Amino acid sequence: MRSTIDFGSDWLFEGREPVTLPHSAVELPFAYFDETTYQRPFTYEKRFIADPAWAEREVALHFEGAMSDARVSLNGEEIAAHRDGYTPFEARLTSRLVDGENLVVVRIDGSENPEIPPFGGLLDFLTYAGIYRDVWLRISAPVHLANVKIETPDALADKKTVRICAEIANPQNLALTGTLIVRIKDGDTLVQTANVDVSACEAEIEMHGLAGLKLWDVDAPKLYQAEITIETPYGTDCTEHNFGFRTAEFTPEGFRLNGRPLKIRGLNRHQSFPYFGYALGRAAQERDAEILKHELKLNMVRTSHYPQSKWFLDRCDQVGLLVLEEIPGWHHIGDAAWKAEAIEDVRRMVRRDWNHPSIVLWGVRVNESPDDHEFYTETNRVAHELDTTRQTGGIRSHTDSEMLEDVYTMNDFILGMEEMGGNRPRTALRPISETTGLGHPVPYLVTEFNGHMLPSKSYDQEQRLTEQVIRHLTVLNAAYGDPGISGAIGWCAFDYQTHCDFGSGDRICHHGVMDMYREPKFAAYAYKSQCDRDDEVVLKPVTLWSRGERNGGGIVPLIVLTNCDEVELRYGGRPLIRLGPDSQTYPHLPHPPVVFERDHFVANELGILGMRWEDAIFVGYIAGKQVAEARFARNPVATTLEVVPDRDVVSAARRDCVRVVVRALDQVGNKLPYMFESVMISVTGEAECLGPTHVPLRGGATGFWLRATGTPGPINVAVTCAVFGTTTVDLRAA
Ligand code: GAL
């Protein structure tokens, strides 16, 4: 059997600094940094002892991702090179190992080498240098499994088929005879087994009549396991893969999952974090998928603009979050060699990720690049050749683009254009036919909107954050209203660091509905409030409940993002007004917001509430029953420093990276967005605080990630602020 060993500890960075992988070569400040500091070569090295037990075995290093242009050498000899920064690669150590100590050296180059996608032009995101994903040492039989493709050609049938195609590695060119055994499992329960003789480097098995199995769906993401074993005279190798039964189809009449129409409601995700760039490990990657699914209630994410961590995608499978994954790039297409590399990227992406049921569309264009007939004919051909089960898209922002893909995927930033001149009235989305220029309907998906049209900081004025809410609602409403639009994926989930050519001068694109710590802005609830009430009752008034915050004063229009039937505003303890959703402005949303306008208050003789200010309670009702409330104080005072870790128990063995959020709250638990005090973080016990330990609150909150040391035991977190004193939280590494 193979063993796969975490090879992330005890590396020496730049010849002097002991580090653990995943690792970011340069820790950038939060803002106003110099991004060129990581644009240079770096070296990682590790000494390890070859185990005599490896003698008859294949030994390889598996790198999940290194940015970029990685070259690996063993004992002075170069043994592998991989230019792309987003896909995995291997370095074969077999026969080059010496008895005793061995030295592996990995050279990466963070320069924006124009020969390698996504580089060559400007980029509105950063590509932080480092070995920023996991590295594994794999010891296996000389004949072993290289890759496995699992297809479910008739997923909707009662009796289902599974087709397995195994690629077998035989680097020593041994005479190949053996058996491939497939066990389809549901957790510990065996569903069906089959085997086939193997004599070549590819083996295929089809299993029929699998009965009583469930579909994978966004609400019930049922996963099965395919355990693949190869037995040869040289030993046994075994891998296990999650997969699911589902169909996914973009049609001119919208998207269908398992034959059922499903409107896509998504956001784009960059895989970056403050200070560590790309280099947060498994737990942080998984957490992002959970946030997108459970906190933002999305059903799709686009991995803009490159293949993302396997841990992230695995979690998307587990939580039921659809994925549009795309090749690296941004606007720029390079020369013939560059294009060849991009075509290779299609291959690497599809071959790495073809078993994820969550992935329903391959993005095979460089984001927002010009049309290029030959190049994109080829990227489409390669994706289709490798994977006949998924459609392709190619994300553009220009109209009348040549449609070489199965789905016309469009970044539509028309909303907000009216502010930039031109005489077109405010428009949510372009009509499909105007975008495509085609005389016939085609499968159509909006892959970006908003973003730079209204950068919105978590500490921006309420009026601007309200406009951010309105714009997201407006586009979602338009997408829901057009049956020809499969759905809309907004720009974007989280604020992200970027080059000086973009952002707010601070090198941050404040385009997220959440900030870089994944703390929600009001616009997050534009998405969240669209969820079913059975899932969660949402009631979020878009207000700081203060008369002087908006231009000219007052609090209207006051939007309440909610999936309740009605919302009542109680002012100073008195019921003032009770209103239903604004289905006139947002007729197509599953849950239009409740909007209190000036007139509503005039009718109650309170004008714009311009006299003595009072406390407020917003009460949500479903079917006449009170189900939720949100309270606001007339006189918010700094009361509590809340410290919330994502989990209380962290894995020591995996050296989990866990986010801890810190919030400044008033006496009724609302965030104090204009509280810019600093906090001191102290982590003791079996974890360390990653990044600076002295940080300001931004928008009333901040955060940090702690990383388990690897030893089980208690972890104590203390966060101190001059205004609040110290808040402590205890976790445990197990
Ligand atoms: C798009 C681009 C994104 C991001 C966004 C900002 O044009 O595809 O990467 O730059 O604009 O709104």
# chains A, B, ... in the order shown; residues from 1 in each chain; ligands from 1
$ residues_around --residues "region 555-557 of chain A" --least-positions-apart "6" --cutoff "9 Å" --atoms "only C-alpha atoms" --output "PyMOL selection string"
chain A and resi 466+543-549+595-598+608-609
$ write_last_selection --atoms "C-alpha atoms" --output "mmCIF file, in the first residue's frame"
data_model
loop_
_atom_site.group_PDB
_atom_site.id
_atom_site.type_symbol
_atom_site.label_atom_id
_atom_site.label_comp_id
_atom_site.auth_asym_id
_atom_site.auth_seq_id
_atom_site.Cartn_x
_atom_site.Cartn_y
_atom_site.Cartn_z
ATOM 1 C CA THR A 466 -26.701 50.872 1.113
ATOM 2 C CA THR A 543 -28.620 50.922 9.105
ATOM 3 C CA LEU A 544 -26.317 52.136 11.835
ATOM 4 C CA TRP A 545 -29.426 53.625 13.461
ATOM 5 C CA SER A 546 -28.071 57.092 13.628
ATOM 6 C CA ARG A 547 -29.574 60.292 12.328
ATOM 7 C CA GLY A 548 -26.414 62.061 11.339
ATOM 8 C CA GLU A 549 -24.672 59.436 9.204
ATOM 9 C CA VAL A 595 -37.965 49.088 2.512
ATOM 10 C CA PHE A 596 -39.006 51.870 4.864
ATOM 11 C CA GLU A 597 -39.333 55.156 2.982
ATOM 12 C CA ARG A 598 -39.721 58.706 4.161
ATOM 13 C CA ILE A 608 -37.530 61.626 9.487
ATOM 14 C CA LEU A 609 -37.480 60.774 13.142
#
$ residues_near_ligand --ligand "ligand 1" --cutoff "9 Å" --atoms "only C-alpha atoms and all ligand atoms" --output "PyMOL selection string"
chain A and resi 123-125+268+304-305+330-331+367-368+395-397+411-413+447-455+491-492+502-503+509+511
$ atom_distance --atom1 "CA of Gly713 (chain A)" --atom2 "CA of Val649 (chain A)"
10.0 Å
$ closest_residue --among "A:Pro636, A:Gly235, A:Gly703, A:Pro88" --to "Arg659 (chain A)" --atoms "only C-alpha atoms"
A:Gly703
$ closest_residue --among "A:Tyr32, A:Phe601, A:Phe13, A:Trp362" --to "Ile508 (chain A)" --atoms "only C-alpha atoms"
A:Tyr32
$ residues_around --residues "Ala701 (chain A)" --least-positions-apart "4" --cutoff "6 Å" --atoms "only C-alpha atoms" --output "PDB file with N, CA and C atoms, in the first residue's frame"
ATOM      1  N   VAL A 662     -12.480  39.247  15.683  1.00  0.00           N
ATOM      2  CA  VAL A 662     -12.571  40.147  16.837  1.00  0.00           C
ATOM      3  C   VAL A 662     -13.522  41.285  16.466  1.00  0.00           C
ATOM      4  N   ARG A 663     -14.499  41.530  17.311  1.00  0.00           N
ATOM      5  CA  ARG A 663     -15.477  42.580  16.984  1.00  0.00           C
ATOM      6  C   ARG A 663     -15.690  43.501  18.178  1.00  0.00           C
ATOM      7  N   LEU A 697      -8.775  47.738  14.602  1.00  0.00           N
ATOM      8  CA  LEU A 697     -10.109  47.364  14.144  1.00  0.00           C
ATOM      9  C   LEU A 697     -10.369  48.145  12.866  1.00  0.00           C
TER      10      LEU A 697
END
$ select_by_dssp --residues "region 258-441 of chain A" --states "alpha helix (DSSP H)" --output "PyMOL selection string"
chain A and resi 282-290+310-319+336-353+373-386+432-436
$ atom_distance --atom1 "CA of Gly572 (chain A)" --atom2 "CA of Gly553 (chain A)"
19.1 Å
$ atom_distance --atom1 "CA of Leu262 (chain A)" --atom2 "CA of Glu385 (chain A)"
27.1 Å
$ residues_around --residues "Thr20 (chain A)" --least-positions-apart "2" --cutoff "12 Å" --atoms "only C-alpha atoms" --output "VMD selection string"
chain A and resid 6 to 13 17 to 18 22 to 25 44 to 46 130 to 135 279 to 281 654 to 655 690 707 to 710
$ residues_around --residues "Phe375 (chain A)" --least-positions-apart "6" --cutoff "9 Å" --atoms "only C-alpha atoms" --output "JSON, numbers by chain"
{"A": [339, 340, 343, 365]}
$ residues_around --residues "Gln308 (chain A)" --least-positions-apart "4" --cutoff "8 Å" --atoms "only C-alpha atoms" --output "ChimeraX atom specification"
/A:86,271,303,312-313
$ write_last_selection --atoms "N, CA and C atoms" --output "mmCIF file, in the first residue's frame"
data_model
loop_
_atom_site.group_PDB
_atom_site.id
_atom_site.type_symbol
_atom_site.label_atom_id
_atom_site.label_comp_id
_atom_site.auth_asym_id
_atom_site.auth_seq_id
_atom_site.Cartn_x
_atom_site.Cartn_y
_atom_site.Cartn_z
ATOM 1 N N TYR A 86 -0.454 27.276 -10.129
ATOM 2 C CA TYR A 86 -1.764 26.922 -9.571
ATOM 3 C C TYR A 86 -2.093 25.435 -9.627
ATOM 4 N N GLN A 271 -8.313 33.484 -3.841
ATOM 5 C CA GLN A 271 -7.863 32.601 -2.761
ATOM 6 C C GLN A 271 -6.888 33.303 -1.809
ATOM 7 N N THR A 303 -13.993 30.322 -9.282
ATOM 8 C CA THR A 303 -12.623 30.382 -8.758
ATOM 9 C C THR A 303 -11.824 31.357 -9.626
ATOM 10 N N PHE A 312 -10.311 23.411 -0.844
ATOM 11 C CA PHE A 312 -11.479 24.266 -1.088
ATOM 12 C C PHE A 312 -12.499 23.507 -1.947
ATOM 13 N N LEU A 313 -12.006 22.878 -2.995
ATOM 14 C CA LEU A 313 -12.925 22.175 -3.903
ATOM 15 C C LEU A 313 -13.550 20.955 -3.230
#
$ residues_around --residues "Arg507 (chain A)" --least-positions-apart "2" --cutoff "6 Å" --atoms "only C-alpha atoms" --output "ChimeraX atom specification"
/A:31-32,497-500,503,505
$ write_last_selection --atoms "C-alpha atoms" --output "PDB file, in the first residue's frame"
ATOM      1  CA  ALA A  31      -2.289  47.728   2.810  1.00  0.00           C
ATOM      2  CA  TYR A  32       0.092  50.204   1.130  1.00  0.00           C
ATOM      3  CA  GLN A 497      -5.053  42.805  -2.210  1.00  0.00           C
ATOM      4  CA  THR A 498      -3.992  43.930  -5.637  1.00  0.00           C
ATOM      5  CA  HIS A 499      -1.401  45.766  -7.704  1.00  0.00           C
ATOM      6  CA  CYS A 500      -0.942  49.526  -7.511  1.00  0.00           C
ATOM      7  CA  GLY A 503      -7.734  49.310  -5.790  1.00  0.00           C
ATOM      8  CA  GLY A 505      -4.493  53.457  -3.582  1.00  0.00           C
TER       9      GLY A 505
END
$ select_by_dssp --residues "region 396-506 of chain A" --states "strand (DSSP E or B)" --output "PDB file with N, CA and C atoms, in the first residue's frame"
ATOM      1  N   ARG A 396     -15.788  36.624 -20.677  1.00  0.00           N
ATOM      2  CA  ARG A 396     -15.460  37.863 -21.381  1.00  0.00           C
ATOM      3  C   ARG A 396     -16.305  38.993 -20.850  1.00  0.00           C
ATOM      4  N   VAL A 407     -21.351  27.732 -23.197  1.00  0.00           N
ATOM      5  CA  VAL A 407     -22.124  28.703 -22.430  1.00  0.00           C
ATOM      6  C   VAL A 407     -21.509  30.080 -22.659  1.00  0.00           C
ATOM      7  N   TYR A 408     -22.332  31.055 -22.953  1.00  0.00           N
ATOM      8  CA  TYR A 408     -21.843  32.427 -23.093  1.00  0.00           C
ATOM      9  C   TYR A 408     -21.755  33.005 -21.685  1.00  0.00           C
ATOM     10  N   THR A 409     -20.543  33.147 -21.211  1.00  0.00           N
ATOM     11  CA  THR A 409     -20.322  33.596 -19.827  1.00  0.00           C
ATOM     12  C   THR A 409     -19.810  35.025 -19.865  1.00  0.00           C
ATOM     13  N   MET A 410     -20.561  35.934 -19.265  1.00  0.00           N
ATOM     14  CA  MET A 410     -20.353  37.369 -19.482  1.00  0.00           C
ATOM     15  C   MET A 410     -20.186  38.139 -18.184  1.00  0.00           C
ATOM     16  N   ASN A 411     -19.147  38.958 -18.111  1.00  0.00           N
ATOM     17  CA  ASN A 411     -19.006  39.926 -17.025  1.00  0.00           C
ATOM     18  C   ASN A 411     -19.743  41.190 -17.446  1.00  0.00           C
ATOM     19  N   TYR A 444     -26.589  30.970 -21.095  1.00  0.00           N
ATOM     20  CA  TYR A 444     -26.042  32.289 -20.748  1.00  0.00           C
ATOM     21  C   TYR A 444     -25.898  32.419 -19.245  1.00  0.00           C
ATOM     22  N   LEU A 445     -24.732  32.876 -18.813  1.00  0.00           N
ATOM     23  CA  LEU A 445     -24.472  33.027 -17.381  1.00  0.00           C
ATOM     24  C   LEU A 445     -23.721  34.337 -17.159  1.00  0.00           C
ATOM     25  N   VAL A 446     -24.162  35.112 -16.178  1.00  0.00           N
ATOM     26  CA  VAL A 446     -23.452  36.343 -15.820  1.00  0.00           C
ATOM     27  C   VAL A 446     -22.385  35.971 -14.794  1.00  0.00           C
ATOM     28  N   THR A 447     -21.130  36.252 -15.122  1.00  0.00           N
ATOM     29  CA  THR A 447     -20.033  35.770 -14.280  1.00  0.00           C
ATOM     30  C   THR A 447     -19.391  36.864 -13.427  1.00  0.00           C
ATOM     31  N   GLU A 448     -19.730  38.121 -13.673  1.00  0.00           N
ATOM     32  CA  GLU A 448     -19.318  39.216 -12.781  1.00  0.00           C
ATOM     33  C   GLU A 448     -20.287  40.375 -12.952  1.00  0.00           C
ATOM     34  N   ASN A 450     -20.979  44.492 -10.674  1.00  0.00           N
ATOM     35  CA  ASN A 450     -20.671  45.415  -9.557  1.00  0.00           C
ATOM     36  C   ASN A 450     -19.170  45.638  -9.372  1.00  0.00           C
ATOM     37  N   ILE A 485     -31.384  33.615 -18.407  1.00  0.00           N
ATOM     38  CA  ILE A 485     -30.115  33.792 -17.684  1.00  0.00           C
ATOM     39  C   ILE A 485     -29.998  32.686 -16.641  1.00  0.00           C
ATOM     40  N   SER A 486     -28.945  31.900 -16.743  1.00  0.00           N
ATOM     41  CA  SER A 486     -28.775  30.789 -15.796  1.00  0.00           C
ATOM     42  C   SER A 486     -28.576  31.276 -14.380  1.00  0.00           C
ATOM     43  N   GLY A 487     -28.086  32.497 -14.253  1.00  0.00           N
ATOM     44  CA  GLY A 487     -27.872  33.047 -12.926  1.00  0.00           C
ATOM     45  C   GLY A 487     -26.795  34.102 -12.979  1.00  0.00           C
ATOM     46  N   ALA A 488     -26.387  34.567 -11.817  1.00  0.00           N
ATOM     47  CA  ALA A 488     -25.430  35.658 -11.772  1.00  0.00           C
ATOM     48  C   ALA A 488     -24.436  35.428 -10.634  1.00  0.00           C
ATOM     49  N   ILE A 489     -23.176  35.674 -10.967  1.00  0.00           N
ATOM     50  CA  ILE A 489     -22.080  35.503 -10.004  1.00  0.00           C
ATOM     51  C   ILE A 489     -21.445  36.872  -9.819  1.00  0.00           C
ATOM     52  N   GLY A 490     -21.630  37.450  -8.666  1.00  0.00           N
ATOM     53  CA  GLY A 490     -21.214  38.836  -8.444  1.00  0.00           C
ATOM     54  C   GLY A 490     -19.722  38.971  -8.187  1.00  0.00           C
ATOM     55  N   TRP A 491     -19.219  40.185  -8.384  1.00  0.00           N
ATOM     56  CA  TRP A 491     -17.851  40.516  -8.003  1.00  0.00           C
ATOM     57  C   TRP A 491     -17.933  41.346  -6.732  1.00  0.00           C
ATOM     58  N   PHE A 494     -14.898  38.389  -1.296  1.00  0.00           N
ATOM     59  CA  PHE A 494     -14.016  38.962  -0.272  1.00  0.00           C
ATOM     60  C   PHE A 494     -13.156  40.073  -0.876  1.00  0.00           C
ATOM     61  N   TYR A 496      -9.799  42.009  -1.659  1.00  0.00           N
ATOM     62  CA  TYR A 496      -8.520  41.344  -1.953  1.00  0.00           C
ATOM     63  C   TYR A 496      -7.445  42.370  -2.227  1.00  0.00           C
ATOM     64  N   GLN A 497      -6.204  41.948  -1.935  1.00  0.00           N
ATOM     65  CA  GLN A 497      -5.053  42.805  -2.210  1.00  0.00           C
ATOM     66  C   GLN A 497      -4.737  42.758  -3.698  1.00  0.00           C
TER      67      GLN A 497
END
$ closest_residue --among "A:Thr251, A:Ser309, A:Ser358, A:Thr161" --to "Pro221 (chain A)" --atoms "only C-alpha atoms"
A:Ser358
$ decode --residues "region 58-90 of chain A" --atoms "N, CA, C and O atoms" --output "mmCIF file, in the first residue's frame"
data_model
loop_
_atom_site.group_PDB
_atom_site.id
_atom_site.type_symbol
_atom_site.label_atom_id
_atom_site.label_comp_id
_atom_site.auth_asym_id
_atom_site.auth_seq_id
_atom_site.Cartn_x
_atom_site.Cartn_y
_atom_site.Cartn_z
ATOM 1 N N GLU A 58 8.538 3.087 -5.175
ATOM 2 C CA GLU A 58 8.601 4.379 -5.870
ATOM 3 C C GLU A 58 8.451 5.486 -4.831
ATOM 4 O O GLU A 58 7.542 5.436 -3.985
ATOM 5 N N VAL A 59 9.311 6.466 -4.915
ATOM 6 C CA VAL A 59 9.263 7.563 -3.947
ATOM 7 C C VAL A 59 9.150 8.876 -4.730
ATOM 8 O O VAL A 59 9.923 9.118 -5.660
ATOM 9 N N ALA A 60 8.179 9.684 -4.374
ATOM 10 C CA ALA A 60 7.997 10.949 -5.106
ATOM 11 C C ALA A 60 7.526 12.037 -4.159
ATOM 12 O O ALA A 60 6.890 11.770 -3.137
ATOM 13 N N LEU A 61 7.862 13.256 -4.524
ATOM 14 C CA LEU A 61 7.295 14.408 -3.823
ATOM 15 C C LEU A 61 6.141 14.930 -4.663
ATOM 16 O O LEU A 61 6.258 15.078 -5.883
ATOM 17 N N HIS A 62 5.050 15.208 -3.998
ATOM 18 C CA HIS A 62 3.885 15.760 -4.686
ATOM 19 C C HIS A 62 3.654 17.169 -4.151
ATOM 20 O O HIS A 62 3.374 17.359 -2.967
ATOM 21 N N PHE A 63 3.801 18.140 -5.026
ATOM 22 C CA PHE A 63 3.573 19.550 -4.659
ATOM 23 C C PHE A 63 2.183 19.940 -5.141
ATOM 24 O O PHE A 63 1.877 19.832 -6.320
ATOM 25 N N GLU A 64 1.349 20.429 -4.229
ATOM 26 C CA GLU A 64 -0.011 20.833 -4.635
ATOM 27 C C GLU A 64 0.006 22.175 -5.365
ATOM 28 O O GLU A 64 -0.909 22.473 -6.126
ATOM 29 N N GLY A 65 1.040 22.980 -5.101
ATOM 30 C CA GLY A 65 1.115 24.249 -5.804
ATOM 31 C C GLY A 65 2.238 25.108 -5.265
ATOM 32 O O GLY A 65 2.438 25.197 -4.051
ATOM 33 N N ALA A 66 3.010 25.712 -6.171
ATOM 34 C CA ALA A 66 4.089 26.620 -5.773
ATOM 35 C C ALA A 66 4.106 27.772 -6.777
ATOM 36 O O ALA A 66 4.001 27.558 -7.979
ATOM 37 N N MET A 67 4.242 28.973 -6.286
ATOM 38 C CA MET A 67 4.196 30.172 -7.142
ATOM 39 C C MET A 67 5.596 30.730 -7.256
ATOM 40 O O MET A 67 6.096 31.247 -6.263
ATOM 41 N N SER A 68 6.199 30.728 -8.377
ATOM 42 C CA SER A 68 5.897 29.910 -9.533
ATOM 43 C C SER A 68 7.213 29.518 -10.162
ATOM 44 O O SER A 68 8.256 29.779 -9.581
ATOM 45 N N ASP A 69 7.170 28.936 -11.339
ATOM 46 C CA ASP A 69 8.378 28.511 -12.039
ATOM 47 C C ASP A 69 9.281 27.671 -11.127
ATOM 48 O O ASP A 69 10.472 27.948 -10.971
ATOM 49 N N ALA A 70 8.697 26.644 -10.537
ATOM 50 C CA ALA A 70 9.420 25.847 -9.541
ATOM 51 C C ALA A 70 10.425 24.902 -10.208
ATOM 52 O O ALA A 70 10.146 24.326 -11.260
ATOM 53 N N ARG A 71 11.586 24.804 -9.568
ATOM 54 C CA ARG A 71 12.589 23.816 -10.004
ATOM 55 C C ARG A 71 13.022 23.044 -8.769
ATOM 56 O O ARG A 71 13.404 23.636 -7.766
ATOM 57 N N VAL A 72 12.957 21.739 -8.900
ATOM 58 C CA VAL A 72 13.246 20.895 -7.741
ATOM 59 C C VAL A 72 14.534 20.139 -8.005
ATOM 60 O O VAL A 72 14.687 19.537 -9.080
ATOM 61 N N SER A 73 15.452 20.171 -7.035
ATOM 62 C CA SER A 73 16.624 19.311 -7.207
ATOM 63 C C SER A 73 16.823 18.439 -5.979
ATOM 64 O O SER A 73 16.388 18.793 -4.865
ATOM 65 N N LEU A 74 17.420 17.301 -6.243
ATOM 66 C CA LEU A 74 17.705 16.357 -5.170
ATOM 67 C C LEU A 74 19.201 16.081 -5.180
ATOM 68 O O LEU A 74 19.752 15.695 -6.221
ATOM 69 N N ASN A 75 19.818 16.334 -4.078
ATOM 70 C CA ASN A 75 21.266 16.124 -3.936
ATOM 71 C C ASN A 75 22.037 16.769 -5.092
ATOM 72 O O ASN A 75 22.934 16.182 -5.685
ATOM 73 N N GLY A 76 21.598 17.948 -5.452
ATOM 74 C CA GLY A 76 22.330 18.724 -6.443
ATOM 75 C C GLY A 76 21.892 18.527 -7.882
ATOM 76 O O GLY A 76 22.322 19.262 -8.774
ATOM 77 N N GLU A 77 21.029 17.560 -8.136
ATOM 78 C CA GLU A 77 20.628 17.293 -9.518
ATOM 79 C C GLU A 77 19.173 17.722 -9.721
ATOM 80 O O GLU A 77 18.303 17.377 -8.918
ATOM 81 N N GLU A 78 18.923 18.503 -10.776
ATOM 82 C CA GLU A 78 17.537 18.949 -11.009
ATOM 83 C C GLU A 78 16.678 17.767 -11.446
ATOM 84 O O GLU A 78 17.040 17.024 -12.352
ATOM 85 N N ILE A 79 15.556 17.593 -10.772
ATOM 86 C CA ILE A 79 14.733 16.417 -11.058
ATOM 87 C C ILE A 79 13.316 16.773 -11.498
ATOM 88 O O ILE A 79 12.573 15.907 -11.953
ATOM 89 N N ALA A 80 12.905 18.001 -11.369
ATOM 90 C CA ALA A 80 11.558 18.363 -11.817
ATOM 91 C C ALA A 80 11.468 19.866 -11.973
ATOM 92 O O ALA A 80 12.178 20.619 -11.301
ATOM 93 N N ALA A 81 10.588 20.288 -12.877
ATOM 94 C CA ALA A 81 10.326 21.717 -13.057
ATOM 95 C C ALA A 81 8.862 21.887 -13.413
ATOM 96 O O ALA A 81 8.278 21.044 -14.109
ATOM 97 N N HIS A 82 8.270 22.936 -12.907
ATOM 98 C CA HIS A 82 6.855 23.184 -13.181
ATOM 99 C C HIS A 82 6.634 24.688 -13.129
ATOM 100 O O HIS A 82 6.863 25.320 -12.106
ATOM 101 N N ARG A 83 6.177 25.256 -14.238
ATOM 102 C CA ARG A 83 6.107 26.715 -14.311
ATOM 103 C C ARG A 83 4.806 27.263 -13.725
ATOM 104 O O ARG A 83 4.792 28.317 -13.118
ATOM 105 N N ASP A 84 3.699 26.564 -13.950
ATOM 106 C CA ASP A 84 2.410 27.096 -13.499
ATOM 107 C C ASP A 84 2.342 27.158 -11.971
ATOM 108 O O ASP A 84 2.793 26.248 -11.282
ATOM 109 N N GLY A 85 1.754 28.231 -11.463
ATOM 110 C CA GLY A 85 1.685 28.421 -10.015
ATOM 111 C C GLY A 85 0.416 27.887 -9.365
ATOM 112 O O GLY A 85 0.242 28.052 -8.153
ATOM 113 N N TYR A 86 -0.454 27.276 -10.129
ATOM 114 C CA TYR A 86 -1.764 26.922 -9.571
ATOM 115 C C TYR A 86 -2.093 25.435 -9.627
ATOM 116 O O TYR A 86 -3.152 25.026 -9.153
ATOM 117 N N THR A 87 -1.224 24.656 -10.236
ATOM 118 C CA THR A 87 -1.552 23.227 -10.377
ATOM 119 C C THR A 87 -0.440 22.376 -9.768
ATOM 120 O O THR A 87 0.692 22.832 -9.603
ATOM 121 N N PRO A 88 -0.774 21.122 -9.453
ATOM 122 C CA PRO A 88 0.208 20.262 -8.776
ATOM 123 C C PRO A 88 1.270 19.717 -9.718
ATOM 124 O O PRO A 88 1.091 19.715 -10.929
ATOM 125 N N PHE A 89 2.353 19.249 -9.130
ATOM 126 C CA PHE A 89 3.395 18.570 -9.906
ATOM 127 C C PHE A 89 4.150 17.614 -9.000
ATOM 128 O O PHE A 89 4.042 17.688 -7.774
ATOM 129 N N GLU A 90 4.886 16.728 -9.638
ATOM 130 C CA GLU A 90 5.604 15.712 -8.864
ATOM 131 C C GLU A 90 7.086 15.736 -9.188
ATOM 132 O O GLU A 90 7.491 16.105 -10.293
#
